>>> print(open('coords07.pdb').read())   # PDB, C-alpha atoms
ATOM      1  CA  MET D   1     -14.305  22.135  19.183
ATOM      2  CA  PHE D   2     -12.338  25.243  20.081
ATOM      3  CA  SER D   3      -8.928  25.438  21.764
ATOM      4  CA  ASN D   4      -8.217  21.892  20.683
ATOM      5  CA  TRP D   5      -5.037  21.721  18.677
ATOM      6  CA  TRP D   6      -5.006  18.056  17.654
ATOM      7  CA  PRO D   7      -6.098  18.680  14.040
ATOM      8  CA  LEU D   8      -2.884  20.635  13.486
ATOM      9  CA  PHE D   9      -1.075  17.318  13.109
ATOM     10  CA  VAL D  10      -2.869  16.955   9.778
ATOM     11  CA  VAL D  11      -0.946  19.956   8.494
ATOM     12  CA  ALA D  12       2.287  18.019   8.907
ATOM     13  CA  THR D  13       1.062  15.427   6.417
ATOM     14  CA  TYR D  14       0.141  18.189   3.967
ATOM     15  CA  VAL D  15       3.684  19.497   4.183
ATOM     16  CA  LEU D  16       5.234  16.052   3.903
ATOM     17  CA  ALA D  17       3.022  14.737   1.081
ATOM     18  CA  PRO D  18       4.683  16.345  -1.973
ATOM     19  CA  LEU D  19       8.164  15.951  -0.517
ATOM     20  CA  PRO D  20       8.997  12.296  -1.409
ATOM     21  CA  ASN D  21       7.639  12.859  -4.892
ATOM     22  CA  ALA D  22      10.036  15.706  -5.521
ATOM     23  CA  VAL D  23      13.061  14.125  -3.863
ATOM     24  CA  PHE D  24      12.708  10.667  -5.389
ATOM     25  CA  GLY D  25      11.733  12.042  -8.781
ATOM     26  CA  ARG D  26      14.888  14.130  -8.873
ATOM     27  CA  TYR D  27      16.995  11.208  -7.713
ATOM     28  CA  ALA D  28      15.474   8.917 -10.315
ATOM     29  CA  GLY D  29      16.712  11.246 -13.027
ATOM     30  CA  ARG D  30      13.425  12.220 -14.606
ATOM     31  CA  ASP D  31      14.567  15.802 -15.128
ATOM     32  CA  ASP D  32      18.012  14.887 -16.367
ATOM     33  CA  VAL D  33      18.181  13.868 -19.974
ATOM     34  CA  MET D  34      21.584  12.217 -19.862
ATOM     35  CA  SER D  35      21.047   9.756 -17.032
ATOM     36  CA  ASP D  36      18.909   6.688 -17.507
ATOM     37  CA  TYR D  37      15.539   6.703 -15.855
ATOM     38  CA  GLN D  38      15.136   4.441 -12.844
ATOM     39  CA  GLY D  39      11.465   3.760 -12.355
ATOM     40  CA  GLY D  40      11.680   1.886  -9.088
ATOM     41  CA  ILE D  41      12.970   4.844  -7.103
ATOM     42  CA  ALA D  42      10.315   7.163  -8.520
ATOM     43  CA  ASP D  43       7.697   4.548  -7.676
ATOM     44  CA  ALA D  44       8.862   4.574  -4.065
ATOM     45  CA  GLY D  45       8.257   8.321  -4.019
ATOM     46  CA  TYR D  46       4.795   7.931  -5.535
ATOM     47  CA  PHE D  47       3.970   5.236  -2.999
ATOM     48  CA  LEU D  48       5.009   7.408  -0.063
ATOM     49  CA  THR D  49       3.110  10.379  -1.475
ATOM     50  CA  GLY D  50      -0.090   8.377  -1.841
ATOM     51  CA  LEU D  51       0.383   7.070   1.679
ATOM     52  CA  MET D  52       0.778  10.600   3.029
ATOM     53  CA  ILE D  53      -2.278  11.920   1.179
ATOM     54  CA  ILE D  54      -4.532   9.201   2.551
ATOM     55  CA  THR D  55      -2.986   9.674   5.993
ATOM     56  CA  GLY D  56      -4.024  13.331   5.863
ATOM     57  CA  PHE D  57      -7.618  12.245   5.378
ATOM     58  CA  CYS D  58      -7.586   9.271   7.745
ATOM     59  CA  LEU D  59      -6.041  11.089  10.697
ATOM     60  CA  PRO D  60      -9.044  13.384  11.381
ATOM     61  CA  VAL D  61     -11.433  10.446  10.970
ATOM     62  CA  VAL D  62      -9.521   8.373  13.487
ATOM     63  CA  LEU D  63      -9.232  11.321  15.871
ATOM     64  CA  ALA D  64     -12.961  11.919  15.640
ATOM     65  CA  HIS D  65     -13.741   8.236  16.120
ATOM     66  CA  ALA D  66     -11.544   8.164  19.218
ATOM     67  CA  GLY D  67     -13.442  11.163  20.584
ATOM     68  CA  VAL D  68     -10.449  13.470  20.684
ATOM     69  CA  ILE D  69     -11.952  15.980  18.264
ATOM     70  CA  THR D  70     -15.564  16.572  17.357
ATOM     71  CA  VAL D  71     -17.190  15.595  14.094
ATOM     72  CA  PRO D  72     -17.516  19.212  12.779
ATOM     73  CA  ALA D  73     -13.786  19.639  13.367
ATOM     74  CA  MET D  74     -13.198  16.467  11.359
ATOM     75  CA  ILE D  75     -15.362  17.731   8.514
ATOM     76  CA  MET D  76     -13.584  21.072   8.446
ATOM     77  CA  SER D  77     -10.180  19.410   8.566
ATOM     78  CA  ILE D  78     -11.014  17.127   5.651
ATOM     79  CA  SER D  79     -12.463  19.962   3.588
ATOM     80  CA  GLY D  80      -9.329  21.967   4.285
ATOM     81  CA  GLY D  81      -7.268  19.064   3.001
ATOM     82  CA  LEU D  82      -9.360  18.843  -0.147
ATOM     83  CA  LEU D  83      -8.871  22.576  -0.689
ATOM     84  CA  ILE D  84      -5.107  22.326  -0.233
ATOM     85  CA  TYR D  85      -4.698  19.352  -2.569
ATOM     86  CA  GLY D  86      -6.980  20.965  -5.142
ATOM     87  CA  THR D  87      -4.801  24.057  -5.004
ATOM     88  CA  ILE D  88      -1.589  22.082  -5.416
ATOM     89  CA  ILE D  89      -2.917  19.981  -8.293
ATOM     90  CA  SER D  90      -4.414  22.905 -10.198
ATOM     91  CA  TYR D  91      -1.291  25.007  -9.654
ATOM     92  CA  SER D  92       1.070  22.306 -10.918
ATOM     93  CA  ARG D  93      -1.170  21.512 -13.897
ATOM     94  CA  PHE D  94      -1.498  25.159 -14.865
ATOM     95  CA  PHE D  95       2.206  25.893 -14.719
ATOM     96  CA  SER D  96       3.391  22.646 -16.255
ATOM     97  CA  GLU D  97       1.224  23.411 -19.288
ATOM     98  CA  GLU D  98       2.905  26.771 -19.663
ATOM     99  CA  GLU D  99       6.368  25.271 -19.596
ATOM    100  CA  ASP D 100       5.406  22.710 -22.190
ATOM    101  CA  PHE D 101       6.379  24.435 -25.400
TER
ATOM    102  CA  MET Q   1      -4.260 -27.510 -29.820
ATOM    103  CA  PRO Q   2      -1.746 -28.543 -27.124
ATOM    104  CA  SER Q   3       1.140 -28.392 -29.513
ATOM    105  CA  GLN Q   4       0.188 -24.854 -30.346
ATOM    106  CA  TRP Q   5       0.140 -23.903 -26.690
ATOM    107  CA  ASN Q   6       3.278 -25.679 -25.643
ATOM    108  CA  THR Q   7       5.494 -23.858 -28.048
ATOM    109  CA  ASP Q   8       6.153 -20.972 -25.700
ATOM    110  CA  GLY Q   9       6.987 -23.159 -22.755
ATOM    111  CA  ARG Q  10       3.801 -22.696 -20.812
ATOM    112  CA  ILE Q  11       3.025 -25.209 -18.123
ATOM    113  CA  CYS Q  12      -0.652 -24.632 -17.402
ATOM    114  CA  ARG Q  13      -3.220 -25.494 -20.023
ATOM    115  CA  LEU Q  14      -5.223 -22.359 -19.511
ATOM    116  CA  PRO Q  15      -3.514 -19.187 -20.680
ATOM    117  CA  MET Q  16      -3.023 -16.543 -18.053
ATOM    118  CA  PRO Q  17      -4.906 -13.325 -18.692
ATOM    119  CA  ARG Q  18      -2.486 -10.887 -20.186
ATOM    120  CA  ILE Q  19      -1.972  -7.833 -18.016
ATOM    121  CA  PRO Q  20      -3.034  -4.884 -20.118
ATOM    122  CA  HIS Q  21      -0.451  -2.291 -20.930
ATOM    123  CA  LEU Q  22      -1.118   0.877 -19.071
ATOM    124  CA  GLY Q  23       0.160   4.249 -20.043
ATOM    125  CA  ALA Q  24       2.623   6.180 -17.942
ATOM    126  CA  LYS Q  25      -0.162   8.165 -16.286
ATOM    127  CA  ALA Q  26      -2.168   5.093 -15.353
ATOM    128  CA  ARG Q  27       0.994   3.473 -14.015
ATOM    129  CA  ASP Q  28       1.698   6.392 -11.697
ATOM    130  CA  ALA Q  29      -1.939   6.466 -10.637
ATOM    131  CA  GLY Q  30      -1.721   2.764  -9.800
ATOM    132  CA  VAL Q  31       1.282   3.369  -7.568
ATOM    133  CA  TYR Q  32      -0.504   6.268  -5.847
ATOM    134  CA  VAL Q  33      -3.608   4.155  -5.231
ATOM    135  CA  SER Q  34      -1.428   1.368  -3.917
ATOM    136  CA  GLY Q  35       0.146   3.677  -1.355
ATOM    137  CA  GLY Q  36      -3.266   5.009  -0.418
ATOM    138  CA  LEU Q  37      -4.663   1.527   0.152
ATOM    139  CA  PHE Q  38      -1.678   0.695   2.337
ATOM    140  CA  ALA Q  39      -2.385   3.783   4.440
ATOM    141  CA  VAL Q  40      -6.108   2.949   4.644
ATOM    142  CA  GLY Q  41      -5.326  -0.523   5.909
ATOM    143  CA  TRP Q  42      -2.975   0.626   8.620
ATOM    144  CA  TRP Q  43      -5.289   3.444   9.684
ATOM    145  CA  PHE Q  44      -8.172   1.013  10.135
ATOM    146  CA  PHE Q  45      -5.952  -0.989  12.453
ATOM    147  CA  MET Q  46      -4.771   2.149  14.266
ATOM    148  CA  ASP Q  47      -8.406   3.075  14.799
ATOM    149  CA  ALA Q  48      -9.027  -0.258  16.486
ATOM    150  CA  VAL Q  49      -5.916   0.100  18.645
ATOM    151  CA  ILE Q  50      -6.799   3.633  19.727
ATOM    152  CA  CYS Q  51     -10.389   2.689  20.532
ATOM    153  CA  SER Q  52      -9.163  -0.238  22.592
ATOM    154  CA  LYS Q  53      -6.826   2.015  24.513
ATOM    155  CA  ASN Q  54      -9.590   4.549  25.067
ATOM    156  CA  PHE Q  55     -11.767   1.852  26.585
ATOM    157  CA  ASP Q  56      -9.226   1.306  29.347
ATOM    158  CA  ASP Q  57      -9.997   4.360  31.431
ATOM    159  CA  VAL Q  58     -13.509   5.175  30.257
ATOM    160  CA  GLU Q  59     -15.532   2.143  31.162
ATOM    161  CA  GLU Q  60     -15.123  -0.909  33.306
ATOM    162  CA  GLN Q  61     -17.097  -3.299  31.139
ATOM    163  CA  LYS Q  62     -14.237  -3.866  28.756
ATOM    164  CA  ARG Q  63     -14.110  -7.547  27.886
ATOM    165  CA  VAL Q  64     -11.270  -7.824  25.418
ATOM    166  CA  SER Q  65      -8.443  -5.597  24.261
ATOM    167  CA  VAL Q  66      -6.195  -5.348  21.246
ATOM    168  CA  GLU Q  67      -2.951  -7.081  22.091
ATOM    169  CA  PHE Q  68       0.201  -8.061  20.272
ATOM    170  CA  VAL Q  69      -1.630 -11.000  18.683
ATOM    171  CA  ASP Q  70      -3.609  -8.522  16.620
ATOM    172  CA  TRP Q  71      -0.419  -6.863  15.412
ATOM    173  CA  VAL Q  72       1.154 -10.053  14.038
ATOM    174  CA  PRO Q  73      -0.985 -10.484  10.857
ATOM    175  CA  GLY Q  74      -0.428  -6.894   9.785
ATOM    176  CA  ILE Q  75       3.307  -7.150  10.370
ATOM    177  CA  CYS Q  76       3.395 -10.392   8.354
ATOM    178  CA  SER Q  77       1.471  -8.809   5.473
ATOM    179  CA  THR Q  78       3.719  -5.766   5.411
ATOM    180  CA  LEU Q  79       6.833  -7.925   5.524
ATOM    181  CA  GLY Q  80       5.539 -10.030   2.650
ATOM    182  CA  MET Q  81       4.752  -6.905   0.647
ATOM    183  CA  ILE Q  82       8.265  -5.575   1.206
ATOM    184  CA  ILE Q  83       9.784  -8.901   0.154
ATOM    185  CA  ILE Q  84       7.672  -9.152  -2.994
ATOM    186  CA  ASN Q  85       8.392  -5.635  -4.134
ATOM    187  CA  CYS Q  86      12.111  -5.853  -3.440
ATOM    188  CA  ILE Q  87      12.516  -8.562  -6.076
ATOM    189  CA  ASP Q  88      13.788  -7.444  -9.414
ATOM    190  CA  LYS Q  89      11.075  -8.479 -11.829
ATOM    191  CA  ALA Q  90      13.519  -9.169 -14.638
ATOM    192  CA  SER Q  91      15.216 -11.916 -12.650
ATOM    193  CA  LEU Q  92      11.976 -13.913 -12.469
ATOM    194  CA  ARG Q  93      11.922 -14.640 -16.187
ATOM    195  CA  GLY Q  94      15.082 -16.647 -15.943
ATOM    196  CA  ASP Q  95      15.471 -18.085 -19.400
ATOM    197  CA  SER Q  96      16.345 -14.838 -21.155
ATOM    198  CA  PHE Q  97      19.767 -14.191 -19.678
ATOM    199  CA  SER Q  98      21.633 -15.561 -16.711
ATOM    200  CA  PHE Q  99      23.420 -13.478 -14.120
ATOM    201  CA  SER Q 100      25.543 -16.308 -12.738
ATOM    202  CA  SER Q 101      28.707 -15.996 -14.708
ATOM    203  CA  SER Q 102      30.932 -17.883 -12.312
ATOM    204  CA  GLY Q 103      29.138 -21.153 -12.917
ATOM    205  CA  SER Q 104      27.493 -21.386  -9.523
ATOM    206  CA  SER Q 105      24.927 -24.102  -9.137
ATOM    207  CA  VAL Q 106      22.236 -21.901  -7.547
ATOM    208  CA  SER Q 107      20.785 -19.623 -10.158
ATOM    209  CA  VAL Q 108      19.476 -16.150  -9.498
ATOM    210  CA  THR Q 109      16.114 -17.071 -10.962
ATOM    211  CA  TRP Q 110      15.629 -19.872  -8.492
ATOM    212  CA  VAL Q 111      16.416 -17.638  -5.523
ATOM    213  CA  ALA Q 112      14.148 -14.888  -6.856
ATOM    214  CA  ARG Q 113      11.246 -17.308  -7.254
ATOM    215  CA  LEU Q 114      11.847 -18.706  -3.779
ATOM    216  CA  LEU Q 115      11.772 -15.179  -2.360
ATOM    217  CA  LEU Q 116       8.569 -14.492  -4.283
ATOM    218  CA  PHE Q 117       7.013 -17.604  -2.803
ATOM    219  CA  ILE Q 118       8.097 -16.616   0.706
ATOM    220  CA  GLY Q 119       6.659 -13.152   0.224
ATOM    221  CA  PHE Q 120       3.311 -14.463  -0.992
ATOM    222  CA  ALA Q 121       3.284 -16.966   1.862
ATOM    223  CA  PHE Q 122       3.788 -14.122   4.338
ATOM    224  CA  MET Q 123       0.951 -12.124   2.810
ATOM    225  CA  ALA Q 124      -1.474 -15.032   2.623
ATOM    226  CA  GLY Q 125      -0.503 -16.008   6.147
ATOM    227  CA  GLY Q 126      -1.220 -12.481   7.295
ATOM    228  CA  LEU Q 127      -4.682 -12.483   5.754
ATOM    229  CA  ALA Q 128      -5.510 -15.958   7.070
ATOM    230  CA  GLY Q 129      -4.136 -15.043  10.474
ATOM    231  CA  SER Q 130      -6.259 -11.920  10.642
ATOM    232  CA  ILE Q 131      -9.389 -13.894   9.781
ATOM    233  CA  SER Q 132      -8.579 -16.529  12.379
ATOM    234  CA  VAL Q 133      -7.870 -13.872  15.021
ATOM    235  CA  MET Q 134     -11.209 -12.254  14.222
ATOM    236  CA  CYS Q 135     -13.075 -15.559  14.514
ATOM    237  CA  ILE Q 136     -11.344 -16.989  17.575
ATOM    238  CA  LYS Q 137     -10.830 -13.853  19.606
ATOM    239  CA  TYR Q 138     -13.812 -11.680  18.742
ATOM    240  CA  ILE Q 139     -16.673 -13.548  17.069
ATOM    241  CA  ILE Q 140     -16.810 -16.905  18.877
ATOM    242  CA  PRO Q 141     -16.896 -15.411  22.433
ATOM    243  CA  ASP Q 142     -19.593 -13.092  21.067
ATOM    244  CA  TYR Q 143     -18.624  -9.802  22.643
ATOM    245  CA  GLY Q 144     -20.774  -6.842  21.891
ATOM    246  CA  ASP Q 145     -20.689  -4.238  19.211
ATOM    247  CA  PRO Q 146     -17.439  -2.267  19.508
ATOM    248  CA  PHE Q 147     -15.322  -5.359  20.108
ATOM    249  CA  THR Q 148     -16.289  -7.237  16.955
ATOM    250  CA  PHE Q 149     -15.403  -4.166  14.916
ATOM    251  CA  TRP Q 150     -11.800  -4.423  16.071
ATOM    252  CA  GLY Q 151     -11.522  -7.895  14.597
ATOM    253  CA  ILE Q 152     -13.147  -6.736  11.366
ATOM    254  CA  CYS Q 153     -10.639  -3.862  11.241
ATOM    255  CA  ASN Q 154      -7.840  -6.402  11.351
ATOM    256  CA  VAL Q 155      -9.245  -8.250   8.340
ATOM    257  CA  ILE Q 156      -9.785  -4.976   6.461
ATOM    258  CA  GLN Q 157      -6.185  -4.001   7.173
ATOM    259  CA  ASN Q 158      -4.719  -7.193   5.762
ATOM    260  CA  ALA Q 159      -7.033  -7.264   2.765
ATOM    261  CA  ALA Q 160      -6.110  -3.667   1.936
ATOM    262  CA  ILE Q 161      -2.398  -4.439   2.207
ATOM    263  CA  MET Q 162      -2.842  -7.456  -0.080
ATOM    264  CA  VAL Q 163      -4.751  -5.454  -2.713
ATOM    265  CA  SER Q 164      -2.129  -2.716  -2.410
ATOM    266  CA  ALA Q 165       0.678  -5.189  -3.069
ATOM    267  CA  ALA Q 166      -1.171  -6.635  -6.056
ATOM    268  CA  MET Q 167      -1.756  -3.182  -7.494
ATOM    269  CA  LEU Q 168       1.878  -2.209  -7.036
ATOM    270  CA  TRP Q 169       2.933  -5.469  -8.707
ATOM    271  CA  ILE Q 170       0.683  -4.867 -11.706
ATOM    272  CA  ALA Q 171       1.793  -1.246 -12.015
ATOM    273  CA  GLN Q 172       5.445  -2.179 -11.900
ATOM    274  CA  ASN Q 173       5.066  -5.025 -14.347
ATOM    275  CA  THR Q 174       3.689  -2.730 -17.007
ATOM    276  CA  GLU Q 175       6.619  -0.383 -16.856
ATOM    277  CA  SER Q 176       8.652  -2.021 -19.572
ATOM    278  CA  GLU Q 177       7.828  -1.137 -23.125
ATOM    279  CA  TYR Q 178       8.365  -4.525 -24.688
ATOM    280  CA  GLU Q 179       5.853  -7.300 -24.395
ATOM    281  CA  TYR Q 180       6.358  -9.112 -21.159
ATOM    282  CA  SER Q 181       4.095 -11.686 -19.620
ATOM    283  CA  PHE Q 182       4.316 -14.436 -17.101
ATOM    284  CA  GLY Q 183       3.489 -17.785 -18.566
ATOM    285  CA  ILE Q 184       3.328 -19.536 -15.238
TER
END
>>> encode(input="coords07.pdb", output="structure tokens")
Amino acid sequence: MFSNWWPLFVVATYVLAPLPNAVFGRYAGRDDVMSDYQGGIADAGYFLTGLMIITGFCLPVVLAHAGVITVPAMIMSISGGLLIYGTIISYSRFFSEEEDF
Amino acid sequence: MPSQWNTDGRICRLPMPRIPHLGAKARDAGVYVSGGLFAVGWWFFMDAVICSKNFDDVEEQKRVSVEFVDWVPGICSTLGMIIINCIDKASLRGDSFSFSSSGSSVSVTWVARLLLFIGFAFMAGGLAGSISVMCIKYIIPDYGDPFTFWGICNVIQNAAIMVSAAMLWIAQNTESEYEYSFGI
């Protein structure tokens, strides 16, 4: 369980998960009032984000099933992911409500 | 009764169930869930592949391994999903407005529907292929416990990709504000 650095790959998915949402949402013109909104490009970002989120949870399970990491490491990795996504979601909800005047 | 139904140009006697209009939030959630299902499907398959590779050097009683044959249904399903979701949904309606201004004989609608058919054929072929691979390669020779699971993983992968494509289709079809239904 210790000195085994495979679960650190999960962190990469946590970093990459909100990225397509932001990039594609900006490109689709959701923030800009003047340009017309293109839903297909934003949907591609949502799709990639959902894929990354589930990848972050599936990667420890697959690693544990393959015997690379132990089951407690898998549980801790998944709970860490839940904590991170809970933080991101609550943060964005809290601050988007403040901006909404 | 038939005259009432035939007024809007419907072919089938039974009316298709109208896809309910979702709000913007439910639409986005549908796209998220679609991406998640796609990831779940591929990770099930990756699990099978990794377990098969791990069997190589651990034990000698390995009877079957995941080969390229097992990859083909998933690739077909993914290709079909890409084809289906690349089609512009507005070009499937056809009778509202035509894009072919130069008077070409092949209409855009016809090509779009042909592409839709090819995409669905790829996806259905992927699912059927995964089931046949599971039956022929894993169940009929009756290998033991971990080997049958690899075949089941293949079916789960293709089913998840198919449900993901359907969910993405439904979510994208509800994006327009005006009433919009397929009377196929």
>>> closest_residue(input="coords07.pdb", among="Q:Thr109, Q:Asn85, Q:Asn158, Q:Ser132", to="Gly40 of chain D", atoms="all atoms listed in the file")
Q:Asn85
>>> resolve_selection(input="coords07.pdb", expression="the PyMOL selection byres ((chain D) within 12 of (chain Q))", output="MDAnalysis selection string")
chainID D and resid 17:18 21 25 37:68
>>> resolve_selection(input="coords07.pdb", expression="the PyMOL selection byres ((chain D and resi 75-78) around 9)", output="JSON list (two decimals) with C-alpha atoms, in the frame of the given file")
[["chain", "number", "residue", "atom", "x", "y", "z"],
["D", 7, "PRO", "CA", -6.10, 18.68, 14.04],
["D", 8, "LEU", "CA", -2.88, 20.64, 13.49],
["D", 10, "VAL", "CA", -2.87, 16.95, 9.78],
["D", 56, "GLY", "CA", -4.02, 13.33, 5.86],
["D", 57, "PHE", "CA", -7.62, 12.24, 5.38],
["D", 58, "CYS", "CA", -7.59, 9.27, 7.74],
["D", 60, "PRO", "CA", -9.04, 13.38, 11.38],
["D", 61, "VAL", "CA", -11.43, 10.45, 10.97],
["D", 70, "THR", "CA", -15.56, 16.57, 17.36],
["D", 71, "VAL", "CA", -17.19, 15.60, 14.09],
["D", 72, "PRO", "CA", -17.52, 19.21, 12.78],
["D", 73, "ALA", "CA", -13.79, 19.64, 13.37],
["D", 74, "MET", "CA", -13.20, 16.47, 11.36],
["D", 79, "SER", "CA", -12.46, 19.96, 3.59],
["D", 80, "GLY", "CA", -9.33, 21.97, 4.28],
["D", 81, "GLY", "CA", -7.27, 19.06, 3.00],
["D", 82, "LEU", "CA", -9.36, 18.84, -0.15],
["D", 83, "LEU", "CA", -8.87, 22.58, -0.69]]
>>> axis_aligned_box(input="coords07.pdb", around="segment 8-11 of chain D", padding_each_side="8 Å", output="AutoDock Vina command-line options")
--center_x -1.9 --center_y 18.8 --center_z 11.0 --size_x 17.9 --size_y 19.7 --size_z 21.0
>>> atom_distance(input="coords07.pdb", atom1="atom CA of Gly125 of chain Q", atom2="atom CA of Ile152 of chain Q")
16.5 Å
>>> resolve_selection(input="coords07.pdb", expression="the PyMOL selection byres ((chain Q and resi 79-84) around 6)", output="ChimeraX atom specification")
/Q:76-78,85-87,116,119,122-123,165
>>> atom_distance(input="coords07.pdb", atom1="atom CA of Phe94 of chain D", atom2="atom CA of Met167 of chain Q")
29.3 Å
>>> closest_residue(input="coords07.pdb", among="Q:Cys135, Q:Lys89, Q:Asp142, Q:Gln157", to="Val72 of chain Q", atoms="all atoms listed in the file")
Q:Gln157
>>> atom_distance(input="coords07.pdb", atom1="atom CA of Ser90 of chain D", atom2="atom CA of Trp5 of chain D")
28.9 Å
>>> build_atoms(input="coords07.pdb", residues="segment 77-84 of chain Q", atoms="all heavy atoms", output="PDB file, in the coordinates of the input")
ATOM      1  N   SER Q  77       1.878  -9.289   6.795  1.00  0.00           N
ATOM      2  CA  SER Q  77       1.471  -8.809   5.473  1.00  0.00           C
ATOM      3  C   SER Q  77       2.435  -7.751   4.961  1.00  0.00           C
ATOM      4  O   SER Q  77       2.839  -7.775   3.800  1.00  0.00           O
ATOM      5  CB  SER Q  77       0.064  -8.230   5.541  1.00  0.00           C
ATOM      6  OG  SER Q  77      -0.871  -9.245   5.711  1.00  0.00           O
ATOM      7  N   THR Q  78       2.815  -6.826   5.834  1.00  0.00           N
ATOM      8  CA  THR Q  78       3.719  -5.766   5.411  1.00  0.00           C
ATOM      9  C   THR Q  78       5.087  -6.319   5.044  1.00  0.00           C
ATOM     10  O   THR Q  78       5.702  -5.905   4.053  1.00  0.00           O
ATOM     11  CB  THR Q  78       3.848  -4.729   6.532  1.00  0.00           C
ATOM     12  OG1 THR Q  78       2.543  -4.336   6.935  1.00  0.00           O
ATOM     13  CG2 THR Q  78       4.598  -3.524   6.063  1.00  0.00           C
ATOM     14  N   LEU Q  79       5.540  -7.294   5.826  1.00  0.00           N
ATOM     15  CA  LEU Q  79       6.833  -7.925   5.524  1.00  0.00           C
ATOM     16  C   LEU Q  79       6.778  -8.626   4.175  1.00  0.00           C
ATOM     17  O   LEU Q  79       7.705  -8.511   3.357  1.00  0.00           O
ATOM     18  CB  LEU Q  79       7.166  -8.918   6.638  1.00  0.00           C
ATOM     19  CG  LEU Q  79       8.617  -9.197   6.931  1.00  0.00           C
ATOM     20  CD1 LEU Q  79       9.311  -7.918   7.338  1.00  0.00           C
ATOM     21  CD2 LEU Q  79       8.734 -10.224   8.031  1.00  0.00           C
ATOM     22  N   GLY Q  80       5.681  -9.355   3.932  1.00  0.00           N
ATOM     23  CA  GLY Q  80       5.539 -10.030   2.650  1.00  0.00           C
ATOM     24  C   GLY Q  80       5.490  -9.053   1.493  1.00  0.00           C
ATOM     25  O   GLY Q  80       6.073  -9.292   0.434  1.00  0.00           O
ATOM     26  N   MET Q  81       4.820  -7.916   1.696  1.00  0.00           N
ATOM     27  CA  MET Q  81       4.752  -6.905   0.647  1.00  0.00           C
ATOM     28  C   MET Q  81       6.134  -6.339   0.351  1.00  0.00           C
ATOM     29  O   MET Q  81       6.504  -6.138  -0.813  1.00  0.00           O
ATOM     30  CB  MET Q  81       3.806  -5.799   1.081  1.00  0.00           C
ATOM     31  CG  MET Q  81       3.545  -4.774   0.024  1.00  0.00           C
ATOM     32  SD  MET Q  81       2.370  -3.581   0.579  1.00  0.00           S
ATOM     33  CE  MET Q  81       2.475  -2.435  -0.780  1.00  0.00           C
ATOM     34  N   ILE Q  82       6.906  -6.098   1.407  1.00  0.00           N
ATOM     35  CA  ILE Q  82       8.265  -5.575   1.206  1.00  0.00           C
ATOM     36  C   ILE Q  82       9.102  -6.590   0.440  1.00  0.00           C
ATOM     37  O   ILE Q  82       9.830  -6.253  -0.504  1.00  0.00           O
ATOM     38  CB  ILE Q  82       8.890  -5.223   2.569  1.00  0.00           C
ATOM     39  CG1 ILE Q  82       8.188  -4.014   3.172  1.00  0.00           C
ATOM     40  CG2 ILE Q  82      10.375  -4.937   2.419  1.00  0.00           C
ATOM     41  CD1 ILE Q  82       8.579  -3.740   4.591  1.00  0.00           C
ATOM     42  N   ILE Q  83       8.983  -7.868   0.813  1.00  0.00           N
ATOM     43  CA  ILE Q  83       9.784  -8.901   0.154  1.00  0.00           C
ATOM     44  C   ILE Q  83       9.422  -8.989  -1.317  1.00  0.00           C
ATOM     45  O   ILE Q  83      10.292  -9.041  -2.196  1.00  0.00           O
ATOM     46  CB  ILE Q  83       9.577 -10.255   0.860  1.00  0.00           C
ATOM     47  CG1 ILE Q  83      10.219 -10.250   2.229  1.00  0.00           C
ATOM     48  CG2 ILE Q  83      10.143 -11.384   0.029  1.00  0.00           C
ATOM     49  CD1 ILE Q  83       9.903 -11.472   3.050  1.00  0.00           C
ATOM     50  N   ILE Q  84       8.106  -8.992  -1.603  1.00  0.00           N
ATOM     51  CA  ILE Q  84       7.672  -9.152  -2.994  1.00  0.00           C
ATOM     52  C   ILE Q  84       8.159  -7.991  -3.846  1.00  0.00           C
ATOM     53  O   ILE Q  84       8.652  -8.168  -4.961  1.00  0.00           O
ATOM     54  CB  ILE Q  84       6.144  -9.263  -3.043  1.00  0.00           C
ATOM     55  CG1 ILE Q  84       5.722 -10.651  -2.579  1.00  0.00           C
ATOM     56  CG2 ILE Q  84       5.618  -9.027  -4.446  1.00  0.00           C
ATOM     57  CD1 ILE Q  84       4.252 -10.790  -2.420  1.00  0.00           C
TER      58      ILE Q  84
END
